[in-house]
Structures are given as C-alpha cells and as structure tokens.
Amino acid sequence: MSHHLDSPLARQDVRLDITDLYVFRGETGTVLVINVCHSLAGDIPTPGFHPEGRYEFKIDVDGDAVEERTYRFVFGPRDETGHQDVAVHQIDGDAATDPFAEGTVLATGTTKGTIVTDRGLRVWTGKAGDPFWIEPDVLHAVGHAFQDGTTIDVGTWTPDQATNLFAGHTVYSIVLEIPDADLLEPGRTTRAIGVWAVASLATDAGGWRSINRVGLPMIHPLFTQYDEQLGDDLNGGRPSEDAATYGARLTSEIASVVKAYGTAVDPDEYAAGVARRFMPNVLPYVVGTTACFGFNGWNGRTLTDNAPDVMFSIAANTPVALGIGKESVTAQPTAVFPYVPAVK
C-alpha cells in the first residue's frame, strides 16, 4: 500500500488516513490531490471527512523542507444527504507552520460539487474510485525484506498470478487546482516546489495531533509494514527533521537488502544516497511542467504513475515488478477536472 492503513493511529479512523498524494499539471494550473477514507478496511460507520479534523497541503518554495504556504481544508458534519460543508484556507509565510493561524478563507461550499473562485482556484471533494494499485504478495515480501535485511522472497508467486488489492475500492478525494499566478514568481514560467500533506485531529487539550503525513509514495510499505511504532513516528514528525531522525536507520535497512542482493560494490554508500533521496519525505515538483514519478527522476506524481515498481526497485537496487499496472484499476482517472476516477 502507498499509505493505506499505514500505522495504528491511521487505522483508528480511516477518515484521517491519507492513502496517496498526487501533484501534477492540470487544465488550468497545478493540481494537488489527497485521498482518504478508503473502503479497504470494510464498512465505515461515518464515511467522508472528519469534522473535527483538518487536511492540509504544505508547500515549500526554498528547499528547506519547511512550508511557506499551507492550504487547509476543514469540513462540517454530514447532513442527511451525505453532504458536508467545506472551507479552504490559505496561510502564508511563517504562519504556514502555525496550527492556530487562520489565514485567508479562499473558498467555501459543499462536498460532491465543484467550487470555483474569482481567482480561478478550483476545488472538488467527494467519493471517488481509488486510482492506486498494489500486488499483495509482492507488497508483503518487500516489507519483510527491509525488516529482515534479506532479498525479496515471493515464494511460489509468479507475475501471472498478480492481482490488484485495490480493484473496485473507493476513497474520498480532496482535489485542489491552483492557478499558475498563485505559485509562480513574477516573470517566471516555472518554479521548483516541495509538497507534502498532513491530516490532523483536534485534541481535548485544544491542540492538534498529526495523524498522517505523506510526501513520497511507498515509504511506509518499505519501512513500516512490520514496525508500527515507526509508522506512527513518521506520521507525527516534520519533513525538516526526517534526515536527522531517520536517515541512519533507513540507510542501514536499505544497505542490508542491497548487500543480500550483491548489486553494489559499496552497499552502504548506495544506501546513503537513496536515503538522501527519500529524506526529507517531500514530493518535488516544478510548477508549469509535466509531472512524472519514474526511474529517471521525480517530478510530482500523476494518478497513473507506477510508484511501487519505481520505489521498490530503487530501494532494493534490483528490478521489482508487481506484474500489474494502471490497467488493473477498476475506475480510471480522467484528463478533465476533477481528474479522479468517478464512482456512482
């Protein structure tokens, strides 16, 4: 899984479990998408978005893994038709890191409908098909390899047996399309940014607790499948602290797998290089360009990029394939807003 059910805290309420983050070029600007509240866990007592939570896109513009802008989504309770009120706040500068800063309200409306502002910002929130795919046998074998420091052992499994664990499943999507003028500097047509997303829950003490954090895909399947405390710790941390806190650990786990394969003259050096790519856990993107999350580099992530093959192979320094791809997704994304797969 990319982020589905990735830690004990995330499993307590799937409305706050971010499954994936996508950043790509849309019809009118840069599109940010997070999916939550997946159907993989079974019946959801109250589906949709948590009315006591908040969902935030964080944007870093100077490469220090600290946000200079936050787009915050807050939702009201579900009404008898299943709709929820939604408000979008923009918070800039030093206040972007402040959980108590209110910022500016950019848009208000309800779920299941498109909201368009005078500035050209577009928002859509609601139930959608899950565009992600994963092969469960390969997924669990990868988790064991990085936990145990071994090669990836899929047993008797062969690619012709591959199935998509998420076929037919649904999520609740938050889609935000930002006009270029809101992200670009004057006179520029491109700009490098870093993006991550956070889902938080209000605490009884009046603060906010980070339940889930996502930047790059597949970090949790690689390193936390069988270390749930690490999963909670990663979700509760901040990107700027990732390298110092987890860099040595990730380097050690990656090196162990690469040593088992014997695919690098210096596995430790290779692993250190990969850990530097993985940490801070931020998705890089150049505004105004075509997104692609691939072997050649990471520039955002589209709804159809094959993130599992890419991340598993880079981490293990050997080809790792699921045997399935975007064709295994039951409901397909579209090229028009809101882009996410439609469901009835």
# chains A, B, ... in the order shown; residues from 1 in each chain; ligands from 1
$ closest_atom_pairs --of "region 33-87 of chain A" --to "region 333-340 of chain A" --cutoff "12 Å" --atoms "only C-alpha atoms" --output "Markdown table"
| residue | atom | partner | partner_atom | distance |
| --- | --- | --- | --- | --- |
| A:Val33 | CA | A:Val340 | CA | 8.6 |
| A:Ile34 | CA | A:Val340 | CA | 10.2 |
| A:Asn35 | CA | A:Val340 | CA | 9.6 |
$ closest_atom_pairs --of "region 115-221 of chain A" --to "region 277-296 of chain A" --cutoff "8 Å" --atoms "only C-alpha atoms" --output "CSV"
residue,atom,partner,partner_atom,distance
A:Asp180,CA,A:Gly288,CA,7.2
A:Leu183,CA,A:Val287,CA,7.5
A:Leu184,CA,A:Val287,CA,7.4
A:Thr189,CA,A:Gly288,CA,6.4
A:Thr190,CA,A:Val287,CA,5.1
A:Arg191,CA,A:Val287,CA,5.1
A:Ala192,CA,A:Val286,CA,4.2
A:Ile193,CA,A:Tyr285,CA,5.5
A:Gly194,CA,A:Pro284,CA,4.5
A:Val195,CA,A:Leu283,CA,5.1
A:Trp196,CA,A:Val282,CA,5.5
A:Val214,CA,A:Asn281,CA,7.4
A:Gly215,CA,A:Val282,CA,4.4
A:Leu216,CA,A:Leu283,CA,5.1
A:Ile219,CA,A:Phe278,CA,7.8
$ select_by_dssp --residues "region 3-229 of chain A" --states "helix (DSSP H, G or I)" --output "ChimeraX atom specification"
/A:8-12,14-16,93-97,136-148,159-161,180-183,219-223,228-229
$ residues_around --residues "Tyr22 (chain A)" --least-positions-apart "3" --cutoff "8 Å" --atoms "only C-alpha atoms" --output "MDAnalysis selection string"
chainID A and resid 31:34 300:303
$ residues_around --residues "His83 (chain A)" --least-positions-apart "4" --cutoff "12 Å" --atoms "only C-alpha atoms" --output "ChimeraX atom specification"
/A:46-49,51,75-79,109-113,125-127
$ closest_residue --among "A:Val257, A:Lys58, A:Thr224, A:Asp20" --to "Asp153 (chain A)" --atoms "only C-alpha atoms"
A:Val257
$ residues_around --residues "Leu250 (chain A)" --least-positions-apart "3" --cutoff "9 Å" --atoms "only C-alpha atoms" --output "list in words"
Phe223, Tyr246, Gly247, Glu253, Ile254, Ala255, Ala271, Ala272, Val274, Ala275 and Phe278 of chain A
$ residues_around --residues "Ser210 (chain A)" --least-positions-apart "5" --cutoff "12 Å" --atoms "only C-alpha atoms" --output "JSON, numbers by chain"
{"A": [9, 10, 16, 17, 18, 53, 54, 55, 56, 99, 197, 198, 199, 200, 201, 202, 203, 232, 233, 234, 235, 236, 237, 238]}
$ closest_residue --among "A:Val265, A:Ala243, A:Val329, A:Val14" --to "Cys37 (chain A)" --atoms "only C-alpha atoms"
A:Val14
$ residues_around --residues "region 115-122 of chain A" --least-positions-apart "2" --cutoff "7 Å" --atoms "only C-alpha atoms" --output "list in words"
Ala107, Gly109, Gly113, Trp124, Leu176, Glu177, Ile178 and Pro179 of chain A
$ closest_residue --among "A:Gly273, A:Gly82, A:Gly206, A:Pro221" --to "Ala248 (chain A)" --atoms "only C-alpha atoms"
A:Gly273
